[in-house]
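K.L.:
Below is the structure I would like to discuss, written out as structure tokens.
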Amino acid sequence: VDFLVEKVKQFQHQDASLSAASISMGAALNDHTGEILNSGPLWGPDCQKFDLLGHLRKRKPDVNWVVVNDVSAALLRFANNPQYAQCRRINLITVSSGIACRTLDQSKSYIPVNKDGIQGEIGHIPIEFSLLNQPLTEICDCGGKNHLNAFSSGRGITKILHTFLSKSHPSSLFQKQLMAVRDNDHELTSTFFSLVKADDPTAIRILDAVTYPIAKMITHMLTIDAEIEKIIMTGGVVHAIEKHYMHSLLKNLGEIGLYQVSSPEAFFKKTLTLGINDDDSGLIGAAIAYDNKINSTI
Ligand SMILES: [Zn+2]
């Protein structure tokens, strides 16, 4: 709160007419109230709810504050693109330090939320995960057991690599390269991504295991919500290995299939698209969220 208030004061110093600030927040939040519900990756599993919007309004009431979830912001950015104008419903899945999705109803320019102000927190759904035929158990950043985040997010992949190295002997080049950087999580994950890009067979098998639960989520989403016409894949993990990530995801989707869809590969290829590899989605989406709020379309 101190940081945000200070930042806005600096901007007001440059431009006295500044009267509004919109924030894209990387945490599960109540869309009705702007209250942060939980952010395991930011503040750990024991973090409490925090009324960010309320505190900002109290500290600086002359500013019209808007707080929007970062996944919602990213989806608003893409929905604004003419490429998606004809789609009835668009879904966006982000795979980065955590995993979440949102669906936007284009006809009403609306991201539906439940009474708690939430939609699409798929990262916290418990799943069954196996790595090279071995079932694994992991704890999510939120403290929950076997949540999707604990395996398929960026942090999940790092955990899986540690488990893999602790259970295997360094015989292949893959294991030797990872062993050399195992004390540094960032290097461990980036070395894994380099091995994926080099088409290392073990790295590809691990990637396939990681994208499989996401593929299953997608088949559930498309089965239940028949109006979703596009799914945009984005986030740090996706963009680190774009071509390989999409190939692995589409391969798993093709194998799982979709009921009564005769050419699942072609169907999924048409439905899934890649987001833009930059850091601008939060910024652009927050501005659109503010405009929508002012125009009361959301
Ligand atoms: Zn969780």
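Identifiers in the structure tokens: chain A, B, ... in order shown; residue index from 1 per chain; ligand index from 1 in order shown.
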Would you kindly return, as a PyMOL selection string, each protein, DNA or RNA residue with an atom no farther than 6 Å from any atom of range 227-236 of chain A, considering only C-alpha atoms and excluding same-chain residues fewer than 5 positions away?

P.N.:
chain A and resi 87+89-96+271-275

K.L.:
Suppose we keep all heavy atoms; can you now write the selection as an mmCIF file, in the first residue's frame?

P.N.:
```cif
data_model
loop_
_atom_site.group_PDB
_atom_site.id
_atom_site.type_symbol
_atom_site.label_atom_id
_atom_site.label_comp_id
_atom_site.auth_asym_id
_atom_site.auth_seq_id
_atom_site.Cartn_x
_atom_site.Cartn_y
_atom_site.Cartn_z
ATOM 1 N N CYS A 87 -15.533 -14.290 -31.405
ATOM 2 C CA CYS A 87 -15.690 -15.451 -30.507
ATOM 3 C C CYS A 87 -16.741 -15.161 -29.437
ATOM 4 O O CYS A 87 -16.724 -14.087 -28.835
ATOM 5 C CB CYS A 87 -14.381 -15.761 -29.800
ATOM 6 S SG CYS A 87 -13.039 -16.127 -30.913
ATOM 7 N N ARG A 89 -17.136 -16.894 -26.523
ATOM 8 C CA ARG A 89 -16.438 -16.913 -25.239
ATOM 9 C C ARG A 89 -14.958 -17.198 -25.463
ATOM 10 O O ARG A 89 -14.606 -18.039 -26.279
ATOM 11 C CB ARG A 89 -17.040 -17.976 -24.311
ATOM 12 C CG ARG A 89 -18.355 -17.528 -23.731
ATOM 13 C CD ARG A 89 -18.948 -18.581 -22.813
ATOM 14 N NE ARG A 89 -19.931 -17.978 -21.950
ATOM 15 C CZ ARG A 89 -20.002 -18.124 -20.638
ATOM 16 N NH1 ARG A 89 -19.145 -18.914 -20.018
ATOM 17 N NH2 ARG A 89 -20.906 -17.513 -19.929
ATOM 18 N N ILE A 90 -14.127 -16.494 -24.723
ATOM 19 C CA ILE A 90 -12.672 -16.669 -24.829
ATOM 20 C C ILE A 90 -12.151 -17.042 -23.446
ATOM 21 O O ILE A 90 -12.528 -16.430 -22.436
ATOM 22 C CB ILE A 90 -11.975 -15.356 -25.253
ATOM 23 C CG1 ILE A 90 -12.667 -14.751 -26.467
ATOM 24 C CG2 ILE A 90 -10.509 -15.596 -25.547
ATOM 25 C CD1 ILE A 90 -12.333 -13.279 -26.623
ATOM 26 N N ASN A 91 -11.277 -18.040 -23.427
ATOM 27 C CA ASN A 91 -10.645 -18.430 -22.169
ATOM 28 C C ASN A 91 -9.149 -18.149 -22.282
ATOM 29 O O ASN A 91 -8.572 -18.272 -23.362
ATOM 30 C CB ASN A 91 -10.894 -19.932 -21.920
ATOM 31 C CG ASN A 91 -10.229 -20.421 -20.647
ATOM 32 O OD1 ASN A 91 -9.045 -20.717 -20.641
ATOM 33 N ND2 ASN A 91 -10.990 -20.500 -19.591
ATOM 34 N N LEU A 92 -8.553 -17.758 -21.164
ATOM 35 C CA LEU A 92 -7.103 -17.558 -21.123
ATOM 36 C C LEU A 92 -6.550 -18.380 -19.964
ATOM 37 O O LEU A 92 -7.088 -18.333 -18.858
ATOM 38 C CB LEU A 92 -6.780 -16.076 -20.944
ATOM 39 C CG LEU A 92 -5.296 -15.723 -20.788
ATOM 40 C CD1 LEU A 92 -4.938 -14.470 -21.600
ATOM 41 C CD2 LEU A 92 -4.926 -15.510 -19.324
ATOM 42 N N ILE A 93 -5.510 -19.159 -20.253
ATOM 43 C CA ILE A 93 -4.839 -19.933 -19.198
ATOM 44 C C ILE A 93 -3.432 -19.390 -19.049
ATOM 45 O O ILE A 93 -2.702 -19.265 -20.041
ATOM 46 C CB ILE A 93 -4.761 -21.437 -19.547
ATOM 47 C CG1 ILE A 93 -6.169 -22.017 -19.727
ATOM 48 C CG2 ILE A 93 -4.002 -22.212 -18.467
ATOM 49 C CD1 ILE A 93 -6.185 -23.476 -20.158
ATOM 50 N N THR A 94 -3.049 -19.043 -17.820
ATOM 51 C CA THR A 94 -1.686 -18.605 -17.590
ATOM 52 C C THR A 94 -0.952 -19.661 -16.769
ATOM 53 O O THR A 94 -1.476 -20.158 -15.779
ATOM 54 C CB THR A 94 -1.646 -17.213 -16.921
ATOM 55 O OG1 THR A 94 -0.286 -16.878 -16.660
ATOM 56 C CG2 THR A 94 -2.405 -17.145 -15.636
ATOM 57 N N VAL A 95 0.235 -20.002 -17.247
ATOM 58 C CA VAL A 95 1.090 -20.965 -16.541
ATOM 59 C C VAL A 95 2.398 -20.249 -16.236
ATOM 60 O O VAL A 95 3.236 -20.059 -17.118
ATOM 61 C CB VAL A 95 1.359 -22.226 -17.401
ATOM 62 C CG1 VAL A 95 2.142 -23.257 -16.590
ATOM 63 C CG2 VAL A 95 0.056 -22.825 -17.920
ATOM 64 N N SER A 96 2.526 -19.791 -15.001
ATOM 65 C CA SER A 96 3.768 -19.123 -14.593
ATOM 66 C C SER A 96 4.116 -19.640 -13.199
ATOM 67 O O SER A 96 4.140 -20.852 -13.010
ATOM 68 C CB SER A 96 3.607 -17.604 -14.648
ATOM 69 O OG SER A 96 2.484 -17.202 -13.906
ATOM 70 N N THR A 271 -8.547 -24.194 -31.780
ATOM 71 C CA THR A 271 -9.048 -23.574 -30.540
ATOM 72 C C THR A 271 -7.938 -22.912 -29.727
ATOM 73 O O THR A 271 -8.137 -21.836 -29.153
ATOM 74 C CB THR A 271 -9.777 -24.635 -29.682
ATOM 75 O OG1 THR A 271 -10.782 -25.255 -30.490
ATOM 76 C CG2 THR A 271 -10.417 -24.014 -28.448
ATOM 77 N N LEU A 272 -6.767 -23.562 -29.648
ATOM 78 C CA LEU A 272 -5.691 -23.032 -28.799
ATOM 79 C C LEU A 272 -4.828 -22.019 -29.556
ATOM 80 O O LEU A 272 -4.422 -22.287 -30.694
ATOM 81 C CB LEU A 272 -4.794 -24.172 -28.303
ATOM 82 C CG LEU A 272 -5.152 -24.710 -26.913
ATOM 83 C CD1 LEU A 272 -6.490 -25.397 -26.933
ATOM 84 C CD2 LEU A 272 -4.087 -25.640 -26.397
ATOM 85 N N THR A 273 -4.558 -20.895 -28.918
ATOM 86 C CA THR A 273 -3.618 -19.937 -29.510
ATOM 87 C C THR A 273 -2.621 -19.505 -28.446
ATOM 88 O O THR A 273 -2.852 -19.684 -27.247
ATOM 89 C CB THR A 273 -4.315 -18.670 -30.070
ATOM 90 O OG1 THR A 273 -4.969 -18.004 -28.984
ATOM 91 C CG2 THR A 273 -5.313 -18.985 -31.147
ATOM 92 N N LEU A 274 -1.541 -18.934 -28.915
ATOM 93 C CA LEU A 274 -0.472 -18.500 -28.031
ATOM 94 C C LEU A 274 -0.629 -17.006 -27.754
ATOM 95 O O LEU A 274 -0.911 -16.237 -28.665
ATOM 96 C CB LEU A 274 0.861 -18.781 -28.747
ATOM 97 C CG LEU A 274 2.157 -18.717 -27.980
ATOM 98 C CD1 LEU A 274 2.172 -19.671 -26.788
ATOM 99 C CD2 LEU A 274 3.307 -19.042 -28.931
ATOM 100 N N GLY A 275 -0.447 -16.621 -26.481
ATOM 101 C CA GLY A 275 -0.501 -15.202 -26.137
ATOM 102 C C GLY A 275 0.747 -14.477 -26.625
ATOM 103 O O GLY A 275 1.546 -15.037 -27.375
#
```

K.L.:
List all protein, DNA and RNA residues that have an atom no more than 10 Å from any atom of ligand 1, counting only C-alpha atoms and all ligand atoms, and report them as a list of chain:residue names.

P.N.:
A:Asn38, A:Ser39, A:Gly40, A:Pro41, A:Pro45, A:Gly98, A:Ile99, A:Glu121, A:Ile122, A:Gly123, A:His124, A:Ile125, A:Pro126, A:Ile139, A:Cys140, A:Asp141, A:Cys142, A:Gly143, A:Gly144, A:Lys145, A:Asn146, A:His147, A:Leu148, A:Asn149, A:Ala150

K.L.:
Work out how far apart CA of Tyr259 in chain A and CA of Thr223 in chain A are and give it in Å to one decimal.

P.N.:
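One can read the CA of Tyr259 in chain A to CA of Thr223 in chain A distance as 8.1 Å.
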
K.L.:
Among range 101-240 of chain A, which ones does DSSP place in strand (DSSP E), written as a ChimeraX atom specification?

P.N.:
/A:101-105,129-131,134-136,228-234

K.L.:
Pull C-alpha atoms from the residues just selected and write them as a PDB file, in the first residue's frame.

P.N.:
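Below is the file that was written, again.pdb:
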```
ATOM      1  CA  CYS A 101      -7.659 -19.250 -16.097  1.00  0.00           C
ATOM      2  CA  ARG A 102     -10.546 -16.922 -16.867  1.00  0.00           C
ATOM      3  CA  THR A 103     -13.409 -17.077 -19.343  1.00  0.00           C
ATOM      4  CA  LEU A 104     -14.830 -13.891 -20.810  1.00  0.00           C
ATOM      5  CA  ASP A 105     -18.282 -13.655 -22.340  1.00  0.00           C
ATOM      6  CA  PHE A 129       0.154 -36.759 -11.018  1.00  0.00           C
ATOM      7  CA  SER A 130       2.662 -39.337 -12.213  1.00  0.00           C
ATOM      8  CA  LEU A 131       6.220 -38.756 -13.379  1.00  0.00           C
ATOM      9  CA  GLN A 134       5.725 -42.971 -10.497  1.00  0.00           C
ATOM     10  CA  PRO A 135       2.815 -41.287  -8.639  1.00  0.00           C
ATOM     11  CA  LEU A 136       4.043 -38.122  -6.861  1.00  0.00           C
ATOM     12  CA  ILE A 228     -15.611 -21.340 -25.433  1.00  0.00           C
ATOM     13  CA  GLU A 229     -14.231 -20.828 -28.928  1.00  0.00           C
ATOM     14  CA  LYS A 230     -10.652 -19.798 -28.180  1.00  0.00           C
ATOM     15  CA  ILE A 231      -8.181 -20.682 -25.422  1.00  0.00           C
ATOM     16  CA  ILE A 232      -5.170 -18.372 -25.166  1.00  0.00           C
ATOM     17  CA  MET A 233      -2.074 -19.908 -23.559  1.00  0.00           C
ATOM     18  CA  THR A 234       0.291 -17.502 -21.829  1.00  0.00           C
TER      19      THR A 234
END
```

K.L.:
Might you pull out every residue within 12 Å of Val237 in chain A, with only C-alpha atoms counted and same-chain residues fewer than 4 positions away left off, and present them as a PDB file with C-alpha atoms, in the first residue's frame?

P.N.:
```
ATOM      1  CA  ILE A  93      -4.839 -19.933 -19.198  1.00  0.00           C
ATOM      2  CA  THR A  94      -1.686 -18.605 -17.590  1.00  0.00           C
ATOM      3  CA  VAL A  95       1.090 -20.965 -16.541  1.00  0.00           C
ATOM      4  CA  SER A  96       3.768 -19.123 -14.593  1.00  0.00           C
ATOM      5  CA  SER A  97       4.649 -19.240 -10.862  1.00  0.00           C
ATOM      6  CA  GLY A  98       1.007 -20.307 -10.473  1.00  0.00           C
ATOM      7  CA  ILE A  99      -1.762 -21.487 -12.807  1.00  0.00           C
ATOM      8  CA  SER A 152       2.530 -27.986 -13.583  1.00  0.00           C
ATOM      9  CA  SER A 153       3.414 -24.379 -12.640  1.00  0.00           C
ATOM     10  CA  GLY A 154       6.962 -23.007 -12.920  1.00  0.00           C
ATOM     11  CA  ARG A 155       7.511 -23.668  -9.208  1.00  0.00           C
ATOM     12  CA  GLY A 156       5.897 -27.082  -9.619  1.00  0.00           C
ATOM     13  CA  ILE A 157       8.309 -27.993 -12.421  1.00  0.00           C
ATOM     14  CA  THR A 158      11.257 -27.025 -10.175  1.00  0.00           C
ATOM     15  CA  THR A 189      14.498 -24.726 -14.367  1.00  0.00           C
ATOM     16  CA  SER A 190      16.212 -22.751 -17.140  1.00  0.00           C
ATOM     17  CA  PHE A 192      15.517 -27.924 -18.089  1.00  0.00           C
ATOM     18  CA  PHE A 193      13.949 -25.506 -20.595  1.00  0.00           C
ATOM     19  CA  VAL A 196      13.506 -29.217 -23.843  1.00  0.00           C
ATOM     20  CA  LEU A 207       7.297 -31.793 -20.170  1.00  0.00           C
ATOM     21  CA  VAL A 210       3.566 -31.582 -16.838  1.00  0.00           C
ATOM     22  CA  THR A 211       1.254 -30.522 -19.691  1.00  0.00           C
ATOM     23  CA  MET A 233      -2.074 -19.908 -23.559  1.00  0.00           C
ATOM     24  CA  ILE A 241       9.495 -22.834 -24.519  1.00  0.00           C
ATOM     25  CA  GLU A 242       6.568 -21.673 -26.681  1.00  0.00           C
ATOM     26  CA  LYS A 243       6.806 -24.081 -29.636  1.00  0.00           C
ATOM     27  CA  HIS A 244       7.652 -27.112 -27.473  1.00  0.00           C
ATOM     28  CA  TYR A 245       4.998 -26.269 -24.855  1.00  0.00           C
ATOM     29  CA  MET A 246       2.228 -25.967 -27.441  1.00  0.00           C
ATOM     30  CA  GLY A 275      -0.501 -15.202 -26.137  1.00  0.00           C
ATOM     31  CA  ASN A 277       5.464 -12.837 -25.036  1.00  0.00           C
TER      32      ASN A 277
END
```

K.L.:
Using only C-alpha atoms, determine which residues lie at most 6 Å from Asp116 in chain A, disregarding the query and same-chain residues fewer than 2 positions distant; provide the list as an mmCIF file with all heavy atoms, in the first residue's frame.

P.N.:
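around_21.cif was written with the following content:
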```
data_model
loop_
_atom_site.group_PDB
_atom_site.id
_atom_site.type_symbol
_atom_site.label_atom_id
_atom_site.label_comp_id
_atom_site.auth_asym_id
_atom_site.auth_seq_id
_atom_site.Cartn_x
_atom_site.Cartn_y
_atom_site.Cartn_z
ATOM 1 N N ASN A 30 -11.183 -11.065 -4.576
ATOM 2 C CA ASN A 30 -12.635 -10.937 -4.725
ATOM 3 C C ASN A 30 -12.915 -9.809 -5.711
ATOM 4 O O ASN A 30 -12.670 -8.637 -5.393
ATOM 5 C CB ASN A 30 -13.255 -10.649 -3.353
ATOM 6 C CG ASN A 30 -14.775 -10.582 -3.414
ATOM 7 O OD1 ASN A 30 -15.359 -10.254 -4.458
ATOM 8 N ND2 ASN A 30 -15.414 -10.893 -2.297
ATOM 9 N N ASN A 114 -18.283 -15.860 -9.189
ATOM 10 C CA ASN A 114 -19.272 -16.368 -8.228
ATOM 11 C C ASN A 114 -19.514 -15.344 -7.119
ATOM 12 O O ASN A 114 -18.976 -14.233 -7.154
ATOM 13 C CB ASN A 114 -18.854 -17.744 -7.685
ATOM 14 C CG ASN A 114 -17.600 -17.671 -6.809
ATOM 15 O OD1 ASN A 114 -17.147 -16.588 -6.438
ATOM 16 N ND2 ASN A 114 -17.038 -18.817 -6.491
ATOM 17 N N ILE A 118 -14.953 -14.889 -7.502
ATOM 18 C CA ILE A 118 -13.882 -15.727 -8.064
ATOM 19 C C ILE A 118 -14.355 -16.455 -9.319
ATOM 20 O O ILE A 118 -15.515 -16.835 -9.424
ATOM 21 C CB ILE A 118 -13.454 -16.795 -7.022
ATOM 22 C CG1 ILE A 118 -12.902 -16.120 -5.769
ATOM 23 C CG2 ILE A 118 -12.376 -17.732 -7.584
ATOM 24 C CD1 ILE A 118 -12.584 -17.096 -4.683
#
```

K.L.:
From a DSSP pass on the backbone, collect the residues of range 19-152 of chain A flagged as alpha helix (DSSP H) and hand them back as a ChimeraX atom specification.

P.N.:
/A:40-43,52-59,70-79,149-152

K.L.:
Just how far from CA of Gly120 in chain A is CA of Phe267 in chain A, in Å to one decimal?

P.N.:
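So the answer is 22.4 Å.
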
K.L.:
Could you tell me how far CA of Lys270 in chain A lies from CA of Ala100 in chain A, in Å and to one decimal?

P.N.:
21.4 Å

K.L.:
Between A:Ser24, A:Ser168, A:Thr137, A:Gln106, which residue has the minimum interatomic distance to Phe78 in chain A, considering only C-alpha atoms?

P.N.:
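Under the stated criterion, the closest residue is A:Gln106.
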
K.L.:
Would you mind listing what lies within 9 Å of Val5 in chain A as a list in words, with only C-alpha atoms counted and same-chain residues fewer than 4 positions away left out?

P.N.:
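In the requested format, the answer is Val1, Lys9, Gln10, Leu56, Arg59 and Lys60 of chain A.
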
K.L.:
Mind checking which residues fall within 10 Å of Ile256 in chain A, counting only C-alpha atoms, ignoring those fewer than 5 positions away in the same chain, and posting them as a list in words?

P.N.:
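Non-adjacent residues within range: Tyr212, Ala215, Lys216, Thr219, Leu250, Lys251 and Pro264 of chain A.
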
K.L.:
Under the rule that only C-alpha atoms are counted, which of A:Ala286, A:Ile204, A:Leu132, A:Ile294 is the nearest residue to Asp70 in chain A?

P.N.:
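The closest residue to Asp70 in chain A is A:Ala286.
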